[in-house]
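File shown: protein20.cif (mmCIF, C-alpha atoms and all ligand atoms).
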```
data_query
loop_
_atom_site.label_atom_id
_atom_site.label_comp_id
_atom_site.auth_asym_id
_atom_site.auth_seq_id
_atom_site.Cartn_x
_atom_site.Cartn_y
_atom_site.Cartn_z
CA MET A 297 9.48 -14.77 -18.20
CA ALA A 298 7.99 -12.18 -20.52
CA GLU A 299 10.45 -10.38 -22.76
CA PRO A 300 10.96 -6.84 -21.54
CA ARG A 301 9.52 -4.24 -23.90
CA THR A 302 12.14 -2.25 -25.67
CA GLU A 303 10.08 0.94 -25.81
CA PRO A 304 8.18 2.32 -22.82
CA ARG A 305 4.49 3.01 -23.48
CA THR A 306 3.79 6.58 -24.36
CA ASP A 307 0.02 6.31 -24.74
CA LEU A 308 -0.75 6.15 -21.01
CA HIS A 309 -1.03 9.49 -19.25
CA SER A 310 -2.69 8.70 -15.94
CA LEU A 311 -3.24 5.83 -13.55
CA ALA A 312 -6.78 5.60 -14.96
CA ASP A 313 -5.25 5.00 -18.40
CA VAL A 314 -3.06 2.27 -16.92
CA ARG A 315 -6.08 0.68 -15.26
CA GLU A 316 -7.95 0.60 -18.56
CA ALA A 317 -5.00 -0.83 -20.45
CA ALA A 318 -4.59 -3.51 -17.78
CA ALA A 319 -8.27 -4.45 -17.96
CA ALA A 320 -7.76 -5.31 -21.61
CA VAL A 321 -4.89 -7.72 -21.01
CA LEU A 322 -5.55 -9.36 -17.64
CA SER A 323 -7.46 -12.62 -17.31
CA ASP A 324 -10.92 -12.49 -15.73
CA ARG A 325 -9.51 -14.04 -12.59
CA ALA A 326 -6.59 -11.66 -12.28
CA ARG A 327 -8.90 -8.70 -12.88
CA ALA A 328 -11.38 -9.88 -10.24
CA PHE A 329 -8.57 -10.52 -7.79
CA ILE A 330 -6.97 -7.11 -8.25
CA ASN A 331 -9.93 -4.83 -8.80
CA GLY A 332 -12.53 -6.50 -6.61
CA GLY A 333 -13.60 -5.49 -3.14
CA ALA A 334 -15.82 -6.88 -0.41
CA ALA A 335 -19.59 -7.36 -0.66
CA ASP A 336 -21.38 -4.41 -2.31
CA GLU A 337 -18.03 -2.65 -2.83
CA THR A 338 -19.36 0.49 -1.17
CA THR A 339 -16.05 1.10 0.55
CA LEU A 340 -14.05 0.16 -2.52
CA ASP A 341 -15.84 2.83 -4.57
CA ASP A 342 -15.73 5.36 -1.77
CA ASN A 343 -11.96 5.01 -1.38
CA ASP A 344 -11.54 6.78 -4.72
CA ALA A 345 -14.49 9.14 -4.28
CA ALA A 346 -13.43 10.36 -0.84
CA TRP A 347 -10.30 12.12 -2.12
CA ALA A 348 -12.42 13.83 -4.78
CA ARG A 349 -14.75 15.14 -2.06
CA LEU A 350 -11.92 17.37 -0.87
CA ALA A 351 -11.16 20.64 -2.61
CA LEU A 352 -7.70 22.19 -2.66
CA ALA A 353 -7.16 25.79 -1.54
CA PRO A 354 -3.95 26.79 -3.37
CA ARG A 355 -1.65 29.64 -2.44
CA VAL A 356 -0.21 31.69 -5.29
CA LEU A 357 2.83 33.96 -5.78
CA THR A 358 4.83 31.79 -3.41
CA GLY A 359 7.82 31.61 -5.74
CA VAL A 360 7.88 27.81 -5.58
CA THR A 361 9.66 26.40 -8.59
CA GLU A 362 10.89 22.98 -7.60
CA PRO A 363 9.03 21.69 -4.57
CA ASP A 364 10.97 19.51 -2.15
CA THR A 365 9.15 16.18 -1.88
CA ARG A 366 11.49 14.70 0.73
CA VAL A 367 10.04 13.22 3.90
CA THR A 368 11.33 11.48 7.01
CA LEU A 369 9.77 8.06 7.44
CA LEU A 370 10.57 5.95 10.47
CA GLY A 371 13.56 8.19 11.10
CA ARG A 372 14.99 7.88 7.57
CA ARG A 373 15.05 10.52 4.87
CA ARG A 374 13.20 9.43 1.78
CA PRO A 375 13.07 11.29 -1.56
CA HIS A 376 9.26 11.29 -1.67
CA PRO A 377 6.22 10.15 0.31
CA ILE A 378 5.03 7.29 -1.89
CA VAL A 379 5.29 3.69 -0.65
CA ILE A 380 4.24 0.55 -2.50
CA ALA A 381 1.47 -1.25 -0.62
CA PRO A 382 1.82 -4.97 0.07
CA THR A 383 -0.13 -7.04 -2.43
CA ALA A 384 -0.37 -10.81 -2.42
CA PHE A 385 0.29 -13.13 -5.34
CA ALA A 386 1.62 -10.67 -7.92
CA GLY A 387 2.60 -13.75 -9.92
CA LEU A 388 -1.07 -14.04 -10.90
CA VAL A 389 -0.69 -10.82 -12.85
CA HIS A 390 2.62 -11.17 -14.67
CA PRO A 391 5.50 -13.63 -14.69
CA ASP A 392 7.85 -10.92 -13.38
CA GLY A 393 5.65 -10.79 -10.25
CA ASP A 394 7.04 -9.07 -7.19
CA GLY A 395 10.47 -8.93 -8.81
CA GLY A 396 9.06 -6.59 -11.47
CA ILE A 397 7.58 -4.26 -8.86
CA ALA A 398 10.77 -4.41 -6.81
CA ARG A 399 12.90 -3.46 -9.83
CA ALA A 400 10.66 -0.44 -10.51
CA ALA A 401 10.71 0.53 -6.83
CA ALA A 402 14.50 0.36 -6.68
CA ASP A 403 14.81 2.43 -9.88
CA MET A 404 12.54 5.10 -8.41
CA ASP A 405 13.99 4.96 -4.88
CA THR A 406 10.60 3.96 -3.52
CA VAL A 407 9.98 1.85 -0.43
CA MET A 408 8.26 -1.43 -1.25
CA CYS A 409 6.26 -3.20 1.41
CA VAL A 410 6.53 -6.90 0.55
CA SER A 411 3.54 -9.11 1.42
CA THR A 412 3.76 -12.26 3.52
CA PHE A 413 1.91 -13.79 0.56
CA ALA A 414 4.25 -12.41 -2.09
CA SER A 415 4.75 -14.76 -5.03
CA THR A 416 8.49 -14.38 -4.52
CA PRO A 417 9.60 -15.00 -0.93
CA ALA A 418 10.76 -11.83 0.80
CA ALA A 419 14.23 -13.29 1.35
CA GLU A 420 14.67 -14.15 -2.33
CA LEU A 421 13.42 -10.72 -3.39
CA ALA A 422 16.02 -9.08 -1.15
CA ASP A 423 18.76 -11.16 -2.77
CA ARG A 424 17.49 -10.39 -6.28
CA VAL A 425 17.13 -6.62 -5.78
CA PRO A 426 19.49 -5.83 -2.90
CA GLU A 427 19.28 -2.06 -3.44
CA LEU A 428 15.52 -2.11 -2.80
CA SER A 429 14.34 -0.15 0.26
CA ARG A 430 12.02 -2.69 1.79
CA TRP A 431 9.52 -3.25 4.55
CA PHE A 432 8.00 -6.63 5.38
CA GLN A 433 4.23 -7.01 5.76
CA LEU A 434 3.45 -9.62 8.38
CA TYR A 435 0.43 -11.86 8.69
CA VAL A 436 0.56 -13.80 11.93
CA PHE A 437 -0.15 -17.50 11.58
CA THR A 438 -1.61 -19.83 14.17
CA ASP A 439 1.78 -21.54 14.06
CA ARG A 440 3.86 -18.91 15.82
CA GLY A 441 7.04 -20.76 14.84
CA VAL A 442 6.33 -19.80 11.21
CA THR A 443 5.74 -16.20 12.27
CA ARG A 444 9.01 -16.07 14.22
CA GLU A 445 10.81 -17.51 11.19
CA LEU A 446 9.30 -14.85 8.92
CA ILE A 447 10.34 -12.04 11.26
CA ALA A 448 13.87 -13.40 11.68
CA SER A 449 14.21 -13.78 7.92
CA ALA A 450 13.02 -10.20 7.34
CA GLU A 451 15.50 -8.90 9.90
CA HIS A 452 18.29 -10.95 8.37
CA HIS A 453 17.49 -9.84 4.80
CA GLY A 454 17.63 -6.11 5.34
CA TYR A 455 13.95 -5.27 5.78
CA GLU A 456 13.70 -1.94 7.57
CA ALA A 457 10.28 -2.27 9.18
CA LEU A 458 7.56 -4.76 10.01
CA VAL A 459 4.07 -3.89 8.85
CA LEU A 460 1.59 -5.88 10.92
CA THR A 461 -1.72 -6.15 9.06
CA VAL A 462 -4.58 -6.33 11.55
CA ASP A 463 -7.69 -6.03 9.40
CA ARG A 464 -7.69 -9.52 7.94
CA PRO A 465 -8.37 -12.00 10.76
CA VAL A 466 -10.61 -13.71 8.17
CA LEU A 467 -11.07 -13.00 4.49
CA GLY A 468 -13.78 -10.47 3.58
CA VAL A 469 -16.80 -11.43 1.49
CA ARG A 470 -15.12 -11.25 -1.91
CA GLU A 471 -17.97 -11.77 -4.33
CA ARG A 472 -16.17 -10.81 -7.53
CA GLU A 473 -13.50 -13.36 -6.68
CA ARG A 474 -16.10 -15.99 -5.87
CA ARG A 475 -17.97 -15.43 -9.13
CA VAL A 476 -14.97 -16.17 -11.30
CA GLY A 477 -13.50 -18.77 -8.97
CA VAL A 478 -10.27 -17.07 -7.91
CA ARG A 479 -8.16 -19.67 -6.24
CA VAL A 480 -4.57 -19.22 -5.42
CA ASP A 481 -2.49 -21.69 -7.30
CA PRO A 482 0.27 -22.93 -4.99
CA THR A 483 2.80 -22.02 -7.67
CA HIS A 484 1.83 -18.40 -7.14
CA ASN A 485 2.54 -18.71 -3.47
CA ALA A 486 5.90 -18.09 -1.92
CA LEU A 487 7.41 -21.45 -2.73
CA GLY A 488 10.44 -22.12 -0.66
CA SER A 489 9.20 -19.75 2.03
CA PRO A 490 7.79 -20.91 5.34
CA VAL A 491 4.37 -19.48 4.43
CA PRO A 492 1.76 -22.26 4.40
CA VAL A 493 0.05 -22.80 1.04
CA ASP A 494 -3.46 -22.98 2.55
CA THR A 495 -2.89 -19.46 3.75
CA SER A 496 -6.41 -18.29 4.48
CA THR A 497 -7.08 -20.91 7.13
CA ARG A 498 -3.81 -20.38 8.93
CA VAL A 499 -3.96 -16.66 9.70
CA ASP A 500 -4.48 -16.30 13.44
CA ALA A 501 -7.82 -14.55 13.94
CA SER A 502 -7.32 -14.39 17.70
CA LEU A 503 -4.56 -11.77 17.63
CA THR A 504 -4.79 -9.03 20.29
CA TRP A 505 -3.00 -5.86 21.35
CA SER A 506 -0.77 -7.84 23.71
CA ASP A 507 0.53 -9.79 20.69
CA LEU A 508 1.48 -6.48 19.08
CA GLU A 509 3.30 -5.51 22.24
CA ARG A 510 5.25 -8.77 22.22
CA PHE A 511 6.21 -8.48 18.54
CA ALA A 512 7.30 -4.88 19.02
CA ALA A 513 9.41 -5.83 22.05
CA ASP A 514 10.98 -8.87 20.34
CA THR A 515 12.19 -7.15 17.17
CA GLU A 516 14.70 -4.42 16.54
CA LEU A 517 12.59 -3.25 13.64
CA PRO A 518 9.98 -0.53 13.97
CA VAL A 519 6.45 -1.94 13.73
CA LEU A 520 3.71 -0.23 11.73
CA VAL A 521 0.14 -1.38 12.34
CA LYS A 522 -1.81 -1.55 9.08
CA GLY A 523 -5.58 -1.41 9.06
CA ILE A 524 -6.45 1.27 11.64
CA LEU A 525 -9.59 3.37 11.09
CA THR A 526 -10.32 5.00 14.46
CA ALA A 527 -8.60 7.31 16.94
CA HIS A 528 -9.35 4.73 19.64
CA ASP A 529 -7.36 1.97 17.93
CA ALA A 530 -4.59 4.37 16.92
CA ARG A 531 -4.10 5.27 20.60
CA LEU A 532 -4.00 1.58 21.52
CA ALA A 533 -1.38 0.99 18.82
CA ALA A 534 0.75 3.77 20.33
CA GLU A 535 0.34 2.33 23.83
CA HIS A 536 1.36 -1.15 22.66
CA GLY A 537 4.63 -0.24 21.02
CA ALA A 538 3.82 0.66 17.42
CA ALA A 539 6.12 3.13 15.69
CA GLY A 540 3.36 4.09 13.31
CA VAL A 541 -0.04 3.25 11.91
CA ILE A 542 -1.38 2.86 8.41
CA VAL A 543 -4.91 4.20 8.13
CA SER A 544 -6.40 1.67 5.75
CA ASN A 545 -9.46 -0.43 4.97
CA HIS A 546 -7.37 -2.92 2.97
CA GLY A 547 -8.43 -1.42 -0.33
CA GLY A 548 -12.11 -2.09 0.43
CA ARG A 549 -11.47 -5.85 0.36
CA GLN A 550 -12.34 -6.69 3.96
CA LEU A 551 -15.24 -5.08 5.85
CA ASP A 552 -17.58 -3.28 3.49
CA THR A 553 -19.09 0.10 4.48
CA THR A 554 -16.17 1.18 6.66
CA LEU A 555 -14.86 4.72 6.35
CA SER A 556 -12.37 5.47 3.61
CA GLY A 557 -8.78 6.27 4.53
CA ALA A 558 -9.41 9.89 3.55
CA ASP A 559 -12.32 10.21 5.97
CA ALA A 560 -10.72 8.29 8.85
CA LEU A 561 -7.39 10.10 8.63
CA PRO A 562 -8.26 13.41 10.38
CA GLU A 563 -9.41 11.81 13.65
CA VAL A 564 -6.39 9.51 13.71
CA ALA A 565 -4.06 12.44 13.02
CA ASP A 566 -5.64 14.39 15.88
CA ALA A 567 -5.19 11.44 18.23
CA VAL A 568 -1.64 10.25 17.47
CA GLY A 569 -0.18 12.43 14.72
CA ALA A 570 2.34 13.93 17.10
CA GLU A 571 3.61 10.59 18.44
CA LEU A 572 3.44 8.13 15.55
CA ASP A 573 4.35 8.02 11.89
CA LEU A 574 1.02 8.13 10.14
CA LEU A 575 0.42 6.68 6.67
CA VAL A 576 -2.77 6.23 4.70
CA ASP A 577 -3.91 4.17 1.73
CA GLY A 578 -6.91 3.40 -0.44
CA GLY A 579 -7.78 5.10 -3.71
CA ILE A 580 -4.62 7.19 -4.12
CA ARG A 581 -4.60 7.70 -7.89
CA ARG A 582 -3.47 11.30 -8.42
CA GLY A 583 -0.76 13.64 -7.23
CA THR A 584 -3.55 15.78 -5.79
CA ASP A 585 -4.69 12.79 -3.68
CA VAL A 586 -1.19 12.59 -2.21
CA VAL A 587 -1.19 16.32 -1.45
CA LYS A 588 -4.55 16.00 0.33
CA ALA A 589 -3.38 13.01 2.39
CA LEU A 590 -0.24 14.84 3.50
CA ALA A 591 -2.23 17.99 4.28
CA LEU A 592 -4.51 15.94 6.53
CA GLY A 593 -1.59 14.63 8.57
CA ALA A 594 -0.12 11.60 6.78
CA ARG A 595 3.64 11.40 6.36
CA ALA A 596 3.32 9.11 3.39
CA VAL A 597 0.79 7.21 1.30
CA LEU A 598 0.68 3.64 0.08
CA VAL A 599 -0.44 2.72 -3.40
CA GLY A 600 -1.67 -0.80 -4.17
CA ARG A 601 -3.64 -1.72 -7.28
CA PRO A 602 -1.99 0.72 -9.73
CA LEU A 603 1.35 -1.10 -9.39
CA LEU A 604 -0.39 -4.36 -10.30
CA TRP A 605 -2.07 -2.73 -13.31
CA GLY A 606 1.29 -1.42 -14.45
CA LEU A 607 2.92 -4.80 -13.85
CA GLY A 608 0.12 -6.47 -15.82
CA ILE A 609 0.57 -4.38 -18.94
CA ASP A 610 4.33 -4.18 -19.10
CA GLY A 611 6.08 -5.95 -16.23
CA SER A 612 8.62 -3.83 -14.42
CA ALA A 613 8.43 -1.01 -17.00
CA GLY A 614 4.69 -0.70 -16.39
CA ALA A 615 5.13 -0.58 -12.61
CA ARG A 616 7.78 2.08 -13.10
CA LEU A 617 5.49 4.12 -15.34
CA VAL A 618 2.91 4.21 -12.54
CA LEU A 619 5.47 5.58 -10.08
CA GLU A 620 6.73 8.11 -12.62
CA LEU A 621 3.23 9.39 -13.40
CA LEU A 622 2.32 9.74 -9.72
CA LEU A 623 5.57 11.46 -8.77
CA GLU A 624 5.33 13.89 -11.67
CA GLU A 625 1.76 14.71 -10.68
CA LEU A 626 2.85 15.21 -7.06
CA GLN A 627 5.51 17.71 -8.13
CA ILE A 628 3.01 19.62 -10.23
CA ALA A 629 0.33 19.54 -7.51
CA MET A 630 2.75 20.89 -4.89
CA THR A 631 3.92 23.66 -7.20
CA LEU A 632 0.36 24.67 -8.06
CA THR A 633 -0.66 24.49 -4.39
CA GLY A 634 2.24 26.79 -3.54
CA ALA A 635 3.93 24.32 -1.20
CA ALA A 636 7.73 24.47 -1.26
CA SER A 637 7.98 21.42 0.98
CA ILE A 638 5.80 18.69 2.45
CA ALA A 639 5.86 20.53 5.79
CA GLN A 640 3.90 23.35 4.17
CA LEU A 641 1.00 21.03 3.43
CA ASP A 642 -1.29 21.59 6.42
CA PRO A 643 -5.04 21.13 6.92
CA GLY A 644 -5.64 24.68 5.60
CA VAL A 645 -4.83 23.37 2.12
CA VAL A 646 -8.04 21.28 1.96
CA ARG A 647 -11.72 22.14 2.27
CA PRO A 648 -14.93 20.16 1.88
CA ALA A 649 -15.63 20.29 -1.84
CA PRO A 650 -18.59 22.42 -2.90
CA TRP A 651 -19.45 19.91 -5.62
CA ASN A 652 -20.17 17.46 -2.83
CA ARG A 653 -22.98 19.49 -1.19
C1 LIG B 1 -4.62 -7.74 -5.06
C2 LIG B 1 -4.39 -7.18 -3.68
C3 LIG B 1 -3.70 -7.94 -2.74
C4 LIG B 1 -3.48 -7.43 -1.46
N1 LIG B 1 -2.74 -8.18 -0.57
C5 LIG B 1 -2.44 -7.65 0.64
C6 LIG B 1 -1.58 -8.35 1.53
O1 LIG B 1 -1.08 -9.42 1.24
N2 LIG B 1 -1.33 -7.77 2.73
C7 LIG B 1 -1.86 -6.57 3.10
O2 LIG B 1 -1.59 -6.08 4.20
N3 LIG B 1 -2.64 -5.87 2.25
C8 LIG B 1 -2.94 -6.38 1.04
N4 LIG B 1 -3.72 -5.66 0.18
C9 LIG B 1 -4.18 -4.31 0.54
C10 LIG B 1 -3.15 -3.26 0.11
O3 LIG B 1 -1.96 -3.36 0.85
C11 LIG B 1 -3.67 -1.82 0.31
O4 LIG B 1 -4.13 -1.64 1.62
C12 LIG B 1 -4.75 -1.42 -0.67
O5 LIG B 1 -4.68 -2.13 -1.88
C13 LIG B 1 -4.61 0.08 -0.93
O6 LIG B 1 -5.62 0.52 -1.76
P1 LIG B 1 -5.44 0.80 -3.34
O7 LIG B 1 -5.31 -0.54 -3.97
O8 LIG B 1 -6.73 1.47 -3.63
O9 LIG B 1 -4.25 1.70 -3.56
C14 LIG B 1 -3.97 -6.15 -1.10
C15 LIG B 1 -4.65 -5.39 -2.05
C16 LIG B 1 -4.86 -5.89 -3.33
C17 LIG B 1 -5.59 -5.03 -4.33
#
```

Show me this structure written as structure tokens.
Amino acid sequence: MAEPRTEPRTDLHSLADVREAAAAVLSDRARAFINGGAADETTLDDNDAAWARLALAPRVLTGVTEPDTRVTLLGRRRPHPIVIAPTAFAGLVHPDGDGGIARAAADMDTVMCVSTFASTPAAELADRVPELSRWFQLYVFTDRGVTRELIASAEHHGYEALVLTVDRPVLGVRERERRVGVRVDPTHNALGSPVPVDTSTRVDASLTWSDLERFAADTELPVLVKGILTAHDARLAAEHGAAGVIVSNHGGRQLDTTLSGADALPEVADAVGAELDLLVDGGIRRGTDVVKALALGARAVLVGRPLLWGLGIDGSAGARLVLELLLEELQIAMTLTGAASIAQLDPGVVRPAPWNR
């Protein structure tokens, strides 16, 4: 294990700074694995750009001093609307791996969504950081016995929701990974967990809506469907027992040239915003991005790569720095937008940006 730094870094002032610092210390493989996307990376790039295509329309003289960032997610009050996205094989990035992210998440009272392919098995993570608010991200394997075991273990170990990822029946065309030969070393896999080591061949590509219905009926936990980009599929998720959907293109790593989360969110919010908990991810890098997502109908956002950058530079302290920067920016953005609470962030707060014409 890396020695924890005694002093937190004071030279990093934004998630972009953290990204740059991480680029300098990560191996070529780790960098390609984290930062890469699918094919021409059109969607990967657009995930960031799409939030910048929205302009904010602030209200002034509202008297807001300390905005209330609390939200209700899956029926529970949370101090803020930021959730850590599930990311596989954090052990590639830093020896602290998922444990480092979990420690930061617990310190910042942030929900962490733990990947099926976490380097530390979800059960072990729960034992190591019991105070962590945690959701379990589920990939369904062709061996349904393994899947049932994973769900039972998540239920038993205090996971509060299942996040069923539906946009990865097969792996996308990951050229950056192919170029540098990213392979997942079995020691980075969840040793001791029931997850098969040859993971990519075992994910069940034949999953359908009726499978979702069965999972939702068989578990006490609320099920969020991750990887929805259309109103049509969001309605189907609602009809088949989902408690919520995550509007996501998997960080641009799966099907290239899909819509960004920012652009897909409004139609999904129109379709199911009143019935389901709606979350969005992809390219959230600023407090203003969070404000825009919430204004367009999301209850919360997920953040993926920045936690891995932070982990890469400084283990748990780096992951924590990322959460601190984003939460501070959110507070400032809400104050400057004139929103006393999340409920006051409505679609009137955003406009198409003139610099995009
Ligand atoms: C290195 C890496 C690994 C990922 N692994 C998973 C995973 O195991 N399960 C999953 O549902 N999504 C996975 N994702 C997608 C993220 O959960 C999330 O949708 C995406 O990264 C959000 O975009 P952002 O990185 O721009 O914040 C992964 C993303 C990255 C960058």

May I have the protein, DNA and RNA residues with any atom at most 12 Å from the point (-2.6, -10.5, 0.5), counting only C-alpha atoms, written as an MDAnalysis selection string? chainID A and resid 329:330 381:386 409:415 433:435 461:468 480 484:486 495:496 499 546:547 549:550 600:601

Have a look at atom CA of A:Arg440 and atom O3 of ligand LIG 1 (chain B) and let me know their distance in Å, one decimal. 22.4 Å

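The spacing separating atom CA of A:Arg616 from atom CA of A:Ala636 amounts to 25.3 Å.
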
Select all residues near (2.5, -8.0, 20.7) (cut-off 12 Å, inclusive, file coordinates), counting only C-alpha atoms, and output them as a PDB file with C-alpha atoms, in the coordinates of the input.
```pdb
ATOM      1  CA  VAL A 436       0.560 -13.800  11.930  1.00  0.00           C
ATOM      2  CA  LEU A 460       1.590  -5.880  10.920  1.00  0.00           C
ATOM      3  CA  VAL A 462      -4.580  -6.330  11.550  1.00  0.00           C
ATOM      4  CA  LEU A 503      -4.560 -11.770  17.630  1.00  0.00           C
ATOM      5  CA  THR A 504      -4.790  -9.030  20.290  1.00  0.00           C
ATOM      6  CA  TRP A 505      -3.000  -5.860  21.350  1.00  0.00           C
ATOM      7  CA  SER A 506      -0.770  -7.840  23.710  1.00  0.00           C
ATOM      8  CA  ASP A 507       0.530  -9.790  20.690  1.00  0.00           C
ATOM      9  CA  LEU A 508       1.480  -6.480  19.080  1.00  0.00           C
ATOM     10  CA  GLU A 509       3.300  -5.510  22.240  1.00  0.00           C
ATOM     11  CA  ARG A 510       5.250  -8.770  22.220  1.00  0.00           C
ATOM     12  CA  PHE A 511       6.210  -8.480  18.540  1.00  0.00           C
ATOM     13  CA  ALA A 512       7.300  -4.880  19.020  1.00  0.00           C
ATOM     14  CA  ALA A 513       9.410  -5.830  22.050  1.00  0.00           C
ATOM     15  CA  ASP A 514      10.980  -8.870  20.340  1.00  0.00           C
ATOM     16  CA  THR A 515      12.190  -7.150  17.170  1.00  0.00           C
ATOM     17  CA  VAL A 519       6.450  -1.940  13.730  1.00  0.00           C
ATOM     18  CA  LEU A 520       3.710  -0.230  11.730  1.00  0.00           C
ATOM     19  CA  VAL A 521       0.140  -1.380  12.340  1.00  0.00           C
ATOM     20  CA  LEU A 532      -4.000   1.580  21.520  1.00  0.00           C
ATOM     21  CA  ALA A 533      -1.380   0.990  18.820  1.00  0.00           C
ATOM     22  CA  ALA A 534       0.750   3.770  20.330  1.00  0.00           C
ATOM     23  CA  GLU A 535       0.340   2.330  23.830  1.00  0.00           C
ATOM     24  CA  HIS A 536       1.360  -1.150  22.660  1.00  0.00           C
ATOM     25  CA  GLY A 537       4.630  -0.240  21.020  1.00  0.00           C
ATOM     26  CA  ALA A 538       3.820   0.660  17.420  1.00  0.00           C
TER      27      ALA A 538
END
```

Taking into account all atoms listed in the file, which residue in the set A:Leu350, A:Met404, A:Ala594, A:Ala328 is nearest to A:Glu471?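 The closest residue to A:Glu471 is A:Ala328.
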
Distance query A:Ala448 at most 12 Å, all atoms listed in the file, self and fewer than 3 positions along chain excluded, as a PyMOL selection string: chain A and resi 418-419+432+434+441-445+451-455+457-458+490+511+514-517

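Distances from A:Leu388, A:Ala567, A:Ala312, A:Ile447 to A:Trp431 were compared using only C-alpha atoms, and the smallest one belongs to A:Ile447.
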
Skip A:Ser612 itself and residues of its chain fewer than 5 positions away, then list as a list in words all residues within 10 Å of it, counting only C-alpha atoms.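 Using only C-alpha atoms, the neighbours found are Pro300, Arg301, His390, Asp392, Gly393, Asp394, Gly395, Gly396, Ile397, Ala398, Arg399, Ala400, Ala401, Asp403, Leu603, Leu604, Gly606, Leu607 and Leu617 of chain A.
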
Go through A:Ala527, A:Leu574, A:Val597, A:Val360 one by one, measure the shortest atom-to-atom distance of each to ligand LIG 1 (chain B) using all atoms listed in the file, and give the residue with the smallest value. A:Val597

Here is a test: counting all atoms listed in the file, which residue of A:Arg595, A:Arg372, A:Arg366, A:Arg327 is nearest to ligand LIG 1 (chain B)?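 Of all the options, A:Arg327 lies closest to ligand LIG 1 (chain B).
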
Where atoms are missing, can you supply all heavy atoms for stretch 506-510 of chain A and output the lot as a PDB file, keeping the file's coordinate frame?
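So selection-v2.pdb came out as:
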```pdb
ATOM      1  N   SER A 506      -1.956  -7.357  22.978  1.00  0.00           N
ATOM      2  CA  SER A 506      -0.770  -7.840  23.710  1.00  0.00           C
ATOM      3  C   SER A 506       0.179  -8.570  22.763  1.00  0.00           C
ATOM      4  O   SER A 506       1.396  -8.583  22.978  1.00  0.00           O
ATOM      5  CB  SER A 506      -1.143  -8.682  24.922  1.00  0.00           C
ATOM      6  OG  SER A 506      -1.952  -9.735  24.514  1.00  0.00           O
ATOM      7  N   ASP A 507      -0.364  -9.179  21.691  1.00  0.00           N
ATOM      8  CA  ASP A 507       0.530  -9.790  20.690  1.00  0.00           C
ATOM      9  C   ASP A 507       1.376  -8.703  20.017  1.00  0.00           C
ATOM     10  O   ASP A 507       2.576  -8.875  19.813  1.00  0.00           O
ATOM     11  CB  ASP A 507      -0.277 -10.539  19.625  1.00  0.00           C
ATOM     12  CG  ASP A 507      -0.966 -11.762  20.184  1.00  0.00           C
ATOM     13  OD1 ASP A 507      -0.269 -12.622  20.740  1.00  0.00           O
ATOM     14  OD2 ASP A 507      -2.200 -11.840  20.071  1.00  0.00           O
ATOM     15  N   LEU A 508       0.720  -7.590  19.684  1.00  0.00           N
ATOM     16  CA  LEU A 508       1.480  -6.480  19.080  1.00  0.00           C
ATOM     17  C   LEU A 508       2.613  -6.064  20.019  1.00  0.00           C
ATOM     18  O   LEU A 508       3.757  -5.884  19.579  1.00  0.00           O
ATOM     19  CB  LEU A 508       0.556  -5.272  18.824  1.00  0.00           C
ATOM     20  CG  LEU A 508       1.267  -3.944  18.554  1.00  0.00           C
ATOM     21  CD1 LEU A 508       2.102  -4.006  17.265  1.00  0.00           C
ATOM     22  CD2 LEU A 508       0.265  -2.782  18.465  1.00  0.00           C
ATOM     23  N   GLU A 509       2.297  -5.950  21.279  1.00  0.00           N
ATOM     24  CA  GLU A 509       3.300  -5.510  22.240  1.00  0.00           C
ATOM     25  C   GLU A 509       4.494  -6.473  22.273  1.00  0.00           C
ATOM     26  O   GLU A 509       5.645  -6.057  22.291  1.00  0.00           O
ATOM     27  CB  GLU A 509       2.658  -5.415  23.631  1.00  0.00           C
ATOM     28  CG  GLU A 509       3.527  -4.679  24.605  1.00  0.00           C
ATOM     29  CD  GLU A 509       2.717  -4.094  25.756  1.00  0.00           C
ATOM     30  OE1 GLU A 509       1.507  -3.801  25.588  1.00  0.00           O
ATOM     31  OE2 GLU A 509       3.306  -3.950  26.831  1.00  0.00           O
ATOM     32  N   ARG A 510       4.176  -7.773  22.210  1.00  0.00           N
ATOM     33  CA  ARG A 510       5.250  -8.770  22.220  1.00  0.00           C
ATOM     34  C   ARG A 510       6.090  -8.680  20.946  1.00  0.00           C
ATOM     35  O   ARG A 510       7.319  -8.700  21.002  1.00  0.00           O
ATOM     36  CB  ARG A 510       4.647 -10.177  22.353  1.00  0.00           C
ATOM     37  CG  ARG A 510       5.439 -11.051  23.323  1.00  0.00           C
ATOM     38  CD  ARG A 510       4.666 -12.285  23.739  1.00  0.00           C
ATOM     39  NE  ARG A 510       3.378 -11.950  24.329  1.00  0.00           N
ATOM     40  CZ  ARG A 510       2.209 -12.469  23.946  1.00  0.00           C
ATOM     41  NH1 ARG A 510       2.132 -13.338  22.969  1.00  0.00           N
ATOM     42  NH2 ARG A 510       1.083 -12.120  24.536  1.00  0.00           N
TER      43      ARG A 510
END
```
